[in-house]
Amino acid sequence: MMRLLLCLFLFASAVNAAPNILLLIGDNWSYEHAAANGDKVVRTPVFDRMAHEGMRFTNAFCPVPSCSPTRSCIVTGRAAHQLEDAASLWSKFPGKFRVFGDELRQAGWHVGFSGKGWAPGNFKDFGRELNPAGAQYQDFAAFMAGRKEKQPFFFWFGSTHTALHQWKAGTGRAHGIDPAKVRVPKALPDVPEVREEIADYLAQVELMDAAFGEAIALLEKSGELDNTVVIHTSDNGWQMPHGLAHCYDEGTRVPLAVRWPGRVQAGSMSDAFVSLTDFAPTFLEIAGLKAWPEMTAHSFMDVLKGEPPALKRDRMFIERERHANVRRGDLSYPVRGVRTAEFLYLRNLRPERWPAGDPELYYAVGPYGDIDGSRTKLYMMAHANDPGMRPLFELSFGKRPGEELYDVKNDPDQVVNLAADPRYARVKAELSSSTDAWMRATGDPRVDAATNVWDSYPYLGGMAKDLRQTKK
């Protein structure tokens, strides 16, 4: 009896000693759009503080440039292609897949989210009662009010301030952001209309940062901040052409800062490649729990502590399947690839298909539905045949070759494809081989070149209309 009581006491003490975890996750927010990451215009004092008081990552990437697939990877710690339907947007989330939040809850943690958790998609009809991100709360304050005294917590704060529908015309100027000073990536036309929209988006980044600041202030007021691991990041890149839904850096590279006093050195920076998929095993390790055998991601606790890395973090594997229902037959646009410090290699597995969606299908955001309906998209479509616009239009809207290779040091916006350049044949071969090895090691169904399994999974969002039919 005494031994049992001692075990229960030690277990309770271990639970109480565990730090809390606060995940601040933006929606469609690209790496470069934070002051600490070099943006000269936007003001992000909360992210900058987390970076100054913790560790800033220069090579953090989402596994899929799409919301629900990346979030599926975050909660499971598994590669998207291992998750069946959940590798695509507006999917079902099969209840058979374990999520870290359930494990934390079983270990005595208070677990929940507000805003955008795992979404968009359907989990309720496929074996789960709770969102894979946890129980939903109105806000962080309501979540904290439901917490037992000294109970460790995990909270997922999913902001949608930076979602495209929030980019109201004129908000950039109202925030004091000068469109003349924003950086226009080389994949986009440098015209006043685009500069204005970028400024409006940056205003939303500032509002997101302020909202996250309210959560930090609540923790400070309660005296809990220094016993909380704060992870500040985004799910994928911005909703501009060449961004969201596409495997270039504007769609996949995300901000990441981690604050953990006593464990993470303040003001430190890491160039280690970290995937958002690595969050699940890291959260489990923070809680004193073990990663599951089916996880293909790896905890980056060693990186956070400044210890010698347990594995070589010199590359990040990227993939995508179906984003929106924007091709006849509800077809996917499968891509596999790898990003290193020097190069981005992409393999377009169905190059005969339109990467941005069929030109004659009208989705909620118009034709080319895998590019969301920004004013920049509309401008580029309206001027598609202008001599100066045509190369940029083809870059984002046109079909792509089977392979792409970009020198990210000299071409950070990834606009010059070197895949056919014989000078880079050796580099391409090595990265192609690395991609093959990763696919085989993780049981990717696409190892079989003939598979089209993702074309058959149901799409649960709005369906596209054929413009050819509506014109008759």
# chains A, B, ... in the order shown; residues from 1 in each chain; ligands from 1
>>> select_by_dssp(residues="stretch 239-354 of chain A", states="alpha helix (DSSP H)", output="list of chain:residue names")
A:Asp249, A:Glu250, A:Gly251, A:Thr252, A:Phe279, A:Ala280, A:Pro281, A:Thr282, A:Phe283, A:Leu284, A:Glu285, A:Ile286, A:Met301, A:Asp302, A:Val303, A:Leu304, A:Lys305
>>> write_last_selection(atoms="C-alpha atoms", output="mmCIF file, in the first residue's frame")
data_model
loop_
_atom_site.group_PDB
_atom_site.id
_atom_site.type_symbol
_atom_site.label_atom_id
_atom_site.label_comp_id
_atom_site.auth_asym_id
_atom_site.auth_seq_id
_atom_site.Cartn_x
_atom_site.Cartn_y
_atom_site.Cartn_z
ATOM 1 C CA ASP A 249 9.308 28.758 -49.993
ATOM 2 C CA GLU A 250 6.485 31.300 -50.094
ATOM 3 C CA GLY A 251 4.141 28.363 -49.501
ATOM 4 C CA THR A 252 6.201 26.202 -47.155
ATOM 5 C CA PHE A 279 5.954 19.173 -32.947
ATOM 6 C CA ALA A 280 4.058 16.046 -31.836
ATOM 7 C CA PRO A 281 7.074 14.003 -30.651
ATOM 8 C CA THR A 282 8.567 17.164 -29.125
ATOM 9 C CA PHE A 283 5.405 17.889 -27.144
ATOM 10 C CA LEU A 284 5.329 14.310 -25.904
ATOM 11 C CA GLU A 285 8.949 14.529 -24.806
ATOM 12 C CA ILE A 286 8.302 17.797 -22.975
ATOM 13 C CA MET A 301 14.300 18.910 -27.993
ATOM 14 C CA ASP A 302 18.042 18.453 -28.487
ATOM 15 C CA VAL A 303 18.124 21.478 -30.787
ATOM 16 C CA LEU A 304 16.176 23.547 -28.285
ATOM 17 C CA LYS A 305 18.604 22.637 -25.501
#
>>> residues_around(residues="A:Ala133", least_positions_apart="2", cutoff="8 Å", atoms="only C-alpha atoms", output="JSON, numbers by chain")
{"A": [75, 101, 112, 113, 117, 118, 130, 131, 135, 156]}
>>> residues_around(residues="A:Met316", least_positions_apart="3", cutoff="9 Å", atoms="only C-alpha atoms", output="JSON, numbers by chain")
{"A": [59, 60, 61, 63, 273, 274, 275, 313, 337, 338, 339, 340]}
>>> closest_residue(among="A:Phe212, A:Tyr457, A:Phe343, A:Trp167", to="A:Glu196", atoms="only C-alpha atoms")
A:Trp167
>>> residues_around(residues="A:Phe93", least_positions_apart="4", cutoff="9 Å", atoms="only C-alpha atoms", output="list of chain:residue names")
A:Ser72, A:Leu83, A:Glu84, A:Asp85, A:Ala86, A:Phe97, A:Gly121, A:Asn122, A:Phe123, A:Lys124, A:Asp125, A:Phe126, A:Gly127, A:Arg128, A:Pro132
>>> select_by_dssp(residues="stretch 31-207 of chain A", states="strand (DSSP E)", output="PyMOL selection string")
chain A and resi 55-57+60-61+91-92+110-115+121-122+135-136+153-158
>>> residues_around(residues="A:Ala169", least_positions_apart="2", cutoff="12 Å", atoms="only C-alpha atoms", output="mmCIF file with C-alpha atoms, in the first residue's frame")
data_model
loop_
_atom_site.group_PDB
_atom_site.id
_atom_site.type_symbol
_atom_site.label_atom_id
_atom_site.label_comp_id
_atom_site.auth_asym_id
_atom_site.auth_seq_id
_atom_site.Cartn_x
_atom_site.Cartn_y
_atom_site.Cartn_z
ATOM 1 C CA LEU A 164 -7.034 36.280 -47.287
ATOM 2 C CA HIS A 165 -10.623 37.366 -46.608
ATOM 3 C CA GLN A 166 -9.251 39.660 -43.873
ATOM 4 C CA TRP A 167 -6.974 41.625 -46.242
ATOM 5 C CA THR A 171 -5.854 48.574 -43.948
ATOM 6 C CA GLY A 172 -2.133 48.656 -44.687
ATOM 7 C CA ARG A 173 -2.075 52.406 -45.043
ATOM 8 C CA ALA A 174 -4.337 52.735 -41.985
ATOM 9 C CA HIS A 175 -1.690 50.836 -39.995
ATOM 10 C CA PRO A 179 3.251 50.164 -49.851
ATOM 11 C CA GLU A 193 -1.936 47.110 -56.917
ATOM 12 C CA VAL A 194 0.268 44.299 -55.633
ATOM 13 C CA ARG A 195 2.154 46.560 -53.242
ATOM 14 C CA GLU A 196 -1.134 47.779 -51.770
ATOM 15 C CA GLU A 197 -2.315 44.223 -51.180
ATOM 16 C CA ILE A 198 0.936 43.181 -49.546
ATOM 17 C CA ALA A 199 0.613 46.170 -47.200
ATOM 18 C CA ASP A 200 -2.947 45.112 -46.322
ATOM 19 C CA TYR A 201 -1.752 41.570 -45.569
ATOM 20 C CA LEU A 202 1.063 42.903 -43.360
ATOM 21 C CA ALA A 203 -1.498 44.896 -41.382
ATOM 22 C CA GLN A 204 -3.219 41.599 -40.594
ATOM 23 C CA SER A 374 -6.306 37.665 -54.107
ATOM 24 C CA ARG A 375 -6.418 40.987 -55.929
#
>>> residues_around(residues="stretch 226-231 of chain A", least_positions_apart="3", cutoff="12 Å", atoms="only C-alpha atoms", output="ChimeraX atom specification")
/A:16-26,46-47,49-51,53-57,150-158,212-213,215-223,234,255-264,276,279,282-283,286-287,301,304
>>> residues_around(residues="A:Gly369", least_positions_apart="6", cutoff="6 Å", atoms="only C-alpha atoms", output="count of residues only")
3
>>> closest_residue(among="A:Lys465, A:Arg446, A:Arg347, A:Lys290", to="A:Ser433", atoms="only C-alpha atoms")
A:Arg347
>>> closest_residue(among="A:Trp238, A:Trp109, A:Tyr137, A:Trp292", to="A:Ala163", atoms="only C-alpha atoms")
A:Trp238
>>> atom_distance(atom1="atom CA of A:Val184", atom2="atom CA of A:Ser66")
22.1 Å
>>> closest_residue(among="A:Pro422, A:Pro334, A:Pro351, A:Pro359", to="A:Glu403", atoms="only C-alpha atoms")
A:Pro351
>>> decode(residues="stretch 218-358 of chain A", atoms="C-alpha atoms", output="PDB file, in the first residue's frame")
ATOM      1  CA  LEU A 218      -2.547  36.619 -19.501  1.00  0.00           C
ATOM      2  CA  LEU A 219       0.248  34.172 -18.687  1.00  0.00           C
ATOM      3  CA  GLU A 220       2.417  36.966 -17.290  1.00  0.00           C
ATOM      4  CA  LYS A 221      -0.410  38.222 -15.112  1.00  0.00           C
ATOM      5  CA  SER A 222      -0.982  34.731 -13.698  1.00  0.00           C
ATOM      6  CA  GLY A 223       2.743  34.161 -13.148  1.00  0.00           C
ATOM      7  CA  GLU A 224       2.725  31.185 -15.534  1.00  0.00           C
ATOM      8  CA  LEU A 225       4.757  32.530 -18.451  1.00  0.00           C
ATOM      9  CA  ASP A 226       8.170  31.297 -17.346  1.00  0.00           C
ATOM     10  CA  ASN A 227       6.762  27.812 -16.708  1.00  0.00           C
ATOM     11  CA  THR A 228       5.302  27.654 -20.208  1.00  0.00           C
ATOM     12  CA  VAL A 229       6.954  26.566 -23.443  1.00  0.00           C
ATOM     13  CA  VAL A 230       5.731  29.057 -26.053  1.00  0.00           C
ATOM     14  CA  ILE A 231       5.897  27.963 -29.692  1.00  0.00           C
ATOM     15  CA  HIS A 232       5.146  30.799 -32.130  1.00  0.00           C
ATOM     16  CA  THR A 233       4.677  29.757 -35.770  1.00  0.00           C
ATOM     17  CA  SER A 234       2.379  29.440 -38.803  1.00  0.00           C
ATOM     18  CA  ASP A 235       0.742  26.537 -40.637  1.00  0.00           C
ATOM     19  CA  ASN A 236       1.927  27.482 -44.150  1.00  0.00           C
ATOM     20  CA  GLY A 237       2.711  30.408 -46.426  1.00  0.00           C
ATOM     21  CA  TRP A 238       0.597  33.328 -47.600  1.00  0.00           C
ATOM     22  CA  GLN A 239      -2.293  33.169 -50.083  1.00  0.00           C
ATOM     23  CA  MET A 240      -0.539  34.805 -52.994  1.00  0.00           C
ATOM     24  CA  PRO A 241       0.375  33.198 -56.344  1.00  0.00           C
ATOM     25  CA  HIS A 242       3.486  31.035 -55.857  1.00  0.00           C
ATOM     26  CA  GLY A 243       2.513  30.705 -52.181  1.00  0.00           C
ATOM     27  CA  LEU A 244      -0.160  28.619 -50.436  1.00  0.00           C
ATOM     28  CA  ALA A 245      -0.802  25.219 -52.105  1.00  0.00           C
ATOM     29  CA  HIS A 246       2.521  25.392 -53.947  1.00  0.00           C
ATOM     30  CA  CYS A 247       5.792  23.894 -52.743  1.00  0.00           C
ATOM     31  CA  TYR A 248       8.016  26.961 -53.092  1.00  0.00           C
ATOM     32  CA  ASP A 249       9.308  28.758 -49.993  1.00  0.00           C
ATOM     33  CA  GLU A 250       6.485  31.300 -50.094  1.00  0.00           C
ATOM     34  CA  GLY A 251       4.141  28.363 -49.501  1.00  0.00           C
ATOM     35  CA  THR A 252       6.201  26.202 -47.155  1.00  0.00           C
ATOM     36  CA  ARG A 253       8.749  28.210 -45.143  1.00  0.00           C
ATOM     37  CA  VAL A 254       7.279  29.490 -41.889  1.00  0.00           C
ATOM     38  CA  PRO A 255       8.324  31.621 -38.915  1.00  0.00           C
ATOM     39  CA  LEU A 256       9.227  29.712 -35.762  1.00  0.00           C
ATOM     40  CA  ALA A 257      10.391  30.938 -32.371  1.00  0.00           C
ATOM     41  CA  VAL A 258      10.411  28.931 -29.128  1.00  0.00           C
ATOM     42  CA  ARG A 259      10.647  30.496 -25.670  1.00  0.00           C
ATOM     43  CA  TRP A 260      11.441  28.218 -22.724  1.00  0.00           C
ATOM     44  CA  PRO A 261      13.367  29.901 -19.890  1.00  0.00           C
ATOM     45  CA  GLY A 262      15.984  27.701 -18.289  1.00  0.00           C
ATOM     46  CA  ARG A 263      16.058  25.281 -21.212  1.00  0.00           C
ATOM     47  CA  VAL A 264      16.326  27.405 -24.369  1.00  0.00           C
ATOM     48  CA  GLN A 265      19.094  29.995 -24.495  1.00  0.00           C
ATOM     49  CA  ALA A 266      17.698  33.487 -24.897  1.00  0.00           C
ATOM     50  CA  GLY A 267      18.598  35.159 -28.181  1.00  0.00           C
ATOM     51  CA  SER A 268      19.789  31.926 -29.800  1.00  0.00           C
ATOM     52  CA  MET A 269      19.256  31.009 -33.442  1.00  0.00           C
ATOM     53  CA  SER A 270      19.183  27.651 -35.177  1.00  0.00           C
ATOM     54  CA  ASP A 271      19.716  26.795 -38.842  1.00  0.00           C
ATOM     55  CA  ALA A 272      18.596  23.193 -38.226  1.00  0.00           C
ATOM     56  CA  PHE A 273      15.806  22.046 -40.528  1.00  0.00           C
ATOM     57  CA  VAL A 274      12.643  21.562 -38.504  1.00  0.00           C
ATOM     58  CA  SER A 275       9.260  20.411 -39.747  1.00  0.00           C
ATOM     59  CA  LEU A 276       5.990  21.282 -38.072  1.00  0.00           C
ATOM     60  CA  THR A 277       5.466  17.505 -38.065  1.00  0.00           C
ATOM     61  CA  ASP A 278       8.219  17.392 -35.423  1.00  0.00           C
ATOM     62  CA  PHE A 279       5.954  19.173 -32.947  1.00  0.00           C
ATOM     63  CA  ALA A 280       4.058  16.046 -31.836  1.00  0.00           C
ATOM     64  CA  PRO A 281       7.074  14.003 -30.651  1.00  0.00           C
ATOM     65  CA  THR A 282       8.567  17.164 -29.125  1.00  0.00           C
ATOM     66  CA  PHE A 283       5.405  17.889 -27.144  1.00  0.00           C
ATOM     67  CA  LEU A 284       5.329  14.310 -25.904  1.00  0.00           C
ATOM     68  CA  GLU A 285       8.949  14.529 -24.806  1.00  0.00           C
ATOM     69  CA  ILE A 286       8.302  17.797 -22.975  1.00  0.00           C
ATOM     70  CA  ALA A 287       5.523  15.998 -21.122  1.00  0.00           C
ATOM     71  CA  GLY A 288       7.833  13.104 -20.237  1.00  0.00           C
ATOM     72  CA  LEU A 289       6.085  10.748 -22.659  1.00  0.00           C
ATOM     73  CA  LYS A 290       7.514   8.646 -25.460  1.00  0.00           C
ATOM     74  CA  ALA A 291       6.955   9.077 -29.180  1.00  0.00           C
ATOM     75  CA  TRP A 292       4.916   6.335 -30.833  1.00  0.00           C
ATOM     76  CA  PRO A 293       6.490   3.796 -33.193  1.00  0.00           C
ATOM     77  CA  GLU A 294       4.380   4.986 -36.129  1.00  0.00           C
ATOM     78  CA  MET A 295       5.686   8.554 -35.906  1.00  0.00           C
ATOM     79  CA  THR A 296       8.063   9.444 -38.729  1.00  0.00           C
ATOM     80  CA  ALA A 297       8.866  12.854 -37.233  1.00  0.00           C
ATOM     81  CA  HIS A 298      11.487  13.419 -34.553  1.00  0.00           C
ATOM     82  CA  SER A 299      11.601  15.538 -31.434  1.00  0.00           C
ATOM     83  CA  PHE A 300      13.841  18.592 -31.746  1.00  0.00           C
ATOM     84  CA  MET A 301      14.300  18.910 -27.993  1.00  0.00           C
ATOM     85  CA  ASP A 302      18.042  18.453 -28.487  1.00  0.00           C
ATOM     86  CA  VAL A 303      18.124  21.478 -30.787  1.00  0.00           C
ATOM     87  CA  LEU A 304      16.176  23.547 -28.285  1.00  0.00           C
ATOM     88  CA  LYS A 305      18.604  22.637 -25.501  1.00  0.00           C
ATOM     89  CA  GLY A 306      21.660  23.344 -27.653  1.00  0.00           C
ATOM     90  CA  GLU A 307      22.801  19.736 -27.413  1.00  0.00           C
ATOM     91  CA  PRO A 308      24.491  17.760 -30.212  1.00  0.00           C
ATOM     92  CA  PRO A 309      21.679  16.760 -32.599  1.00  0.00           C
ATOM     93  CA  ALA A 310      20.447  13.189 -32.488  1.00  0.00           C
ATOM     94  CA  LEU A 311      19.961  13.212 -36.252  1.00  0.00           C
ATOM     95  CA  LYS A 312      21.242  15.223 -39.174  1.00  0.00           C
ATOM     96  CA  ARG A 313      18.870  18.112 -39.793  1.00  0.00           C
ATOM     97  CA  ASP A 314      20.162  19.327 -43.139  1.00  0.00           C
ATOM     98  CA  ARG A 315      17.008  18.941 -45.256  1.00  0.00           C
ATOM     99  CA  MET A 316      13.242  19.034 -45.226  1.00  0.00           C
ATOM    100  CA  PHE A 317      10.965  16.834 -47.295  1.00  0.00           C
ATOM    101  CA  ILE A 318       7.916  18.497 -48.792  1.00  0.00           C
ATOM    102  CA  GLU A 319       4.840  17.034 -50.431  1.00  0.00           C
ATOM    103  CA  ARG A 320       1.319  17.780 -51.522  1.00  0.00           C
ATOM    104  CA  GLU A 321      -1.736  16.000 -52.862  1.00  0.00           C
ATOM    105  CA  ARG A 322      -5.111  17.543 -53.604  1.00  0.00           C
ATOM    106  CA  HIS A 323      -5.577  21.072 -52.293  1.00  0.00           C
ATOM    107  CA  ALA A 324      -8.980  22.157 -53.631  1.00  0.00           C
ATOM    108  CA  ASN A 325     -11.461  20.493 -55.990  1.00  0.00           C
ATOM    109  CA  VAL A 326     -10.171  22.373 -59.028  1.00  0.00           C
ATOM    110  CA  ARG A 327      -9.515  19.683 -61.675  1.00  0.00           C
ATOM    111  CA  ARG A 328     -12.010  17.648 -63.657  1.00  0.00           C
ATOM    112  CA  GLY A 329     -12.506  14.328 -61.946  1.00  0.00           C
ATOM    113  CA  ASP A 330     -11.480  15.860 -58.601  1.00  0.00           C
ATOM    114  CA  LEU A 331      -7.868  15.042 -59.431  1.00  0.00           C
ATOM    115  CA  SER A 332      -4.935  15.670 -57.153  1.00  0.00           C
ATOM    116  CA  TYR A 333      -1.731  17.439 -58.135  1.00  0.00           C
ATOM    117  CA  PRO A 334       0.911  15.293 -56.418  1.00  0.00           C
ATOM    118  CA  VAL A 335       4.370  16.678 -55.656  1.00  0.00           C
ATOM    119  CA  ARG A 336       7.289  15.260 -53.699  1.00  0.00           C
ATOM    120  CA  GLY A 337      10.514  17.118 -53.044  1.00  0.00           C
ATOM    121  CA  VAL A 338      13.261  18.191 -50.725  1.00  0.00           C
ATOM    122  CA  ARG A 339      14.623  21.523 -49.511  1.00  0.00           C
ATOM    123  CA  THR A 340      18.241  21.927 -48.352  1.00  0.00           C
ATOM    124  CA  ALA A 341      20.210  25.029 -47.416  1.00  0.00           C
ATOM    125  CA  GLU A 342      21.326  25.410 -51.042  1.00  0.00           C
ATOM    126  CA  PHE A 343      18.585  23.947 -53.224  1.00  0.00           C
ATOM    127  CA  LEU A 344      14.898  23.173 -53.630  1.00  0.00           C
ATOM    128  CA  TYR A 345      14.111  20.063 -55.679  1.00  0.00           C
ATOM    129  CA  LEU A 346      10.515  19.297 -56.688  1.00  0.00           C
ATOM    130  CA  ARG A 347       9.114  16.342 -58.574  1.00  0.00           C
ATOM    131  CA  ASN A 348       5.742  16.940 -60.222  1.00  0.00           C
ATOM    132  CA  LEU A 349       4.322  13.434 -60.463  1.00  0.00           C
ATOM    133  CA  ARG A 350       1.470  14.340 -62.826  1.00  0.00           C
ATOM    134  CA  PRO A 351       2.938  17.164 -64.967  1.00  0.00           C
ATOM    135  CA  GLU A 352       0.176  16.811 -67.546  1.00  0.00           C
ATOM    136  CA  ARG A 353      -2.257  18.292 -64.999  1.00  0.00           C
ATOM    137  CA  TRP A 354      -2.652  21.979 -64.175  1.00  0.00           C
ATOM    138  CA  PRO A 355      -0.796  22.725 -60.904  1.00  0.00           C
ATOM    139  CA  ALA A 356      -2.928  25.788 -60.204  1.00  0.00           C
ATOM    140  CA  GLY A 357      -6.172  24.072 -61.209  1.00  0.00           C
ATOM    141  CA  ASP A 358      -8.004  23.807 -64.509  1.00  0.00           C
TER     142      ASP A 358
END
